[in-house]
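Participant: I'd like to ask you about the structure that follows.
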Amino acid sequence: MEKGKRLLRQRTPSFDQQIYRMGVLWPRFVLDKARRQVEAVWKGFLQPSPLSQNYLVTLRYRPGWNPETRVVSPELKIREGLEDLPHINPDGSLCLHVMGDWQSWMYVADYIIPWVSTWLYFYEVWYATGNWFGGGTHPDKPEHRSD
């Protein structure tokens, strides 16, 4: 290593730091369930744009796992002529990122909630136009196309 240069190591936030930061940055999200150091579940509303509706969303955080998010209401609709929603995992949670994008040093408040809001925005555009402009994988599926 060159003299004067240091490798910056990003530290993993503690469980309590994750909870605290969510409360500060996203006060409309209520800590619904917390099992000390094991799991935290928040519920809150997101409105991706001023013209969007409010979505009730849950966020499940477990240290060492990818956070899991779901839209509780309103129910997400599938476009006529299609069989699936775009970028939804087999368990019904939102597909927000590819493997490796989420890192342990990240705060759910700084990354996951904005990713959910962006996902909802692209969902609304997809529902209106039939095109998913949010990028991602699965180009072979008709509900994921981006013309």
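By convention here, the chains of the structure tokens are called A, B, ... in the order presented, each chain's residues are numbered starting at 1, and ligands are numbered starting at 1 in the order presented.
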Residues at most 6 Å from Ser73 in chain A, counting only C-alpha atoms, excluding those fewer than 2 positions away in the same chain, as a list in words?

Facilitator: Tyr55, Leu56, Val71 and Glu75 of chain A

Participant: Give me the residues within 12 Å of Trp65 in chain A as a list of chain:residue names, counting only C-alpha atoms and dropping any in the same chain fewer than 6 places off.

Facilitator: A:Val38, A:Glu39, A:Ala40, A:Met99, A:Gly100, A:Trp102, A:Gln103, A:Ser104, A:Met106, A:Val108

Participant: Which residues come within 12 Å of range 35-37 of chain A, counting only C-alpha atoms, excluding same-chain residues fewer than 5 positions away, as a list in words?

Facilitator: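 Skipping anything fewer than 5 positions along the chain leaves Pro13, Ser14, Phe15, Asp16, Gln17, Gln18, Ile19, Arg60, Tyr61, Arg62, Pro63 and Gly64 of chain A.
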
Participant: Identify, on the basis of only C-alpha atoms, every residue whose closest approach to Val30 in chain A does not exceed 8 Å; exclude the query and any residue fewer than 5 positions from it along the same chain; express the result as a PyMOL selection string.

Facilitator: chain A and resi 23+42-44

Participant: Can you tell me how far CA of Thr129 in chain A sits from CA of His97 in chain A, in Å to one decimal?

Facilitator: 22.3 Å

Participant: Please return, as a list in words, all residues of range 1-143 of chain A that DSSP assigns to alpha helix (DSSP H) on the basis of the backbone.

Facilitator: Phe15, Asp16, Gln17, Gln18, Ile19, Tyr20, Arg21, Met22, Gly23, Val24, Leu25, Ile112, Ile113, Pro114, Trp115, Val116, Ser117, Thr118, Trp119, Leu120, Tyr121, Phe122, Tyr123, Glu124, Val125, Trp126, Tyr127, Ala128 and Thr129 of chain A

Participant: Print the selection's residues with C-alpha atoms to a file, as an mmCIF file, in the first residue's frame.

Facilitator:
```cif
data_model
loop_
_atom_site.group_PDB
_atom_site.id
_atom_site.type_symbol
_atom_site.label_atom_id
_atom_site.label_comp_id
_atom_site.auth_asym_id
_atom_site.auth_seq_id
_atom_site.Cartn_x
_atom_site.Cartn_y
_atom_site.Cartn_z
ATOM 1 C CA PHE A 15 -29.048 -3.992 14.625
ATOM 2 C CA ASP A 16 -29.896 -1.023 16.863
ATOM 3 C CA GLN A 17 -28.293 1.407 14.395
ATOM 4 C CA GLN A 18 -30.485 0.008 11.607
ATOM 5 C CA ILE A 19 -33.591 0.528 13.755
ATOM 6 C CA TYR A 20 -32.543 4.025 14.828
ATOM 7 C CA ARG A 21 -31.763 5.184 11.285
ATOM 8 C CA MET A 22 -35.099 3.909 9.969
ATOM 9 C CA GLY A 23 -36.878 5.919 12.679
ATOM 10 C CA VAL A 24 -34.954 9.078 11.830
ATOM 11 C CA LEU A 25 -35.154 8.920 8.029
ATOM 12 C CA ILE A 112 -33.845 -0.504 0.572
ATOM 13 C CA ILE A 113 -36.581 2.082 1.123
ATOM 14 C CA PRO A 114 -35.421 4.231 -1.842
ATOM 15 C CA TRP A 115 -35.146 1.068 -3.959
ATOM 16 C CA VAL A 116 -38.743 0.148 -3.025
ATOM 17 C CA SER A 117 -39.951 3.628 -3.938
ATOM 18 C CA THR A 118 -38.149 3.416 -7.279
ATOM 19 C CA TRP A 119 -39.557 -0.073 -7.889
ATOM 20 C CA LEU A 120 -43.088 1.267 -7.236
ATOM 21 C CA TYR A 121 -42.516 4.138 -9.653
ATOM 22 C CA PHE A 122 -41.418 1.746 -12.410
ATOM 23 C CA TYR A 123 -44.341 -0.552 -11.571
ATOM 24 C CA GLU A 124 -46.777 2.326 -12.161
ATOM 25 C CA VAL A 125 -45.097 3.202 -15.460
ATOM 26 C CA TRP A 126 -45.152 -0.475 -16.465
ATOM 27 C CA TYR A 127 -48.834 -0.782 -15.597
ATOM 28 C CA ALA A 128 -49.652 2.306 -17.672
ATOM 29 C CA THR A 129 -47.414 1.575 -20.671
#
```

Participant: What are the DSSP strand (DSSP E) residues of range 39-71 of chain A, as a list in words?

Facilitator: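 Of range 39-71 of chain A, the ones in strand (DSSP E) are Glu39, Ala40, Val41, Trp42, Lys43, Gly44, Phe45, Leu46, Tyr55, Leu56, Val57, Thr58, Leu59, Arg60, Tyr61, Glu68, Thr69, Arg70 and Val71 of chain A.
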
Participant: So that I can check the surroundings of range 85-94 of chain A, please list as a VMD selection string every protein, DNA and RNA residue that reaches within 10 Å of it, counting only C-alpha atoms and ignoring chain neighbours fewer than 2 positions away.

Facilitator: chain A and resid 58 to 59 67 to 71 76 to 79 82 to 83 96 to 97 115 to 116 119 to 120 122 to 123 126 to 127 131 to 132 134 to 138 141 to 145
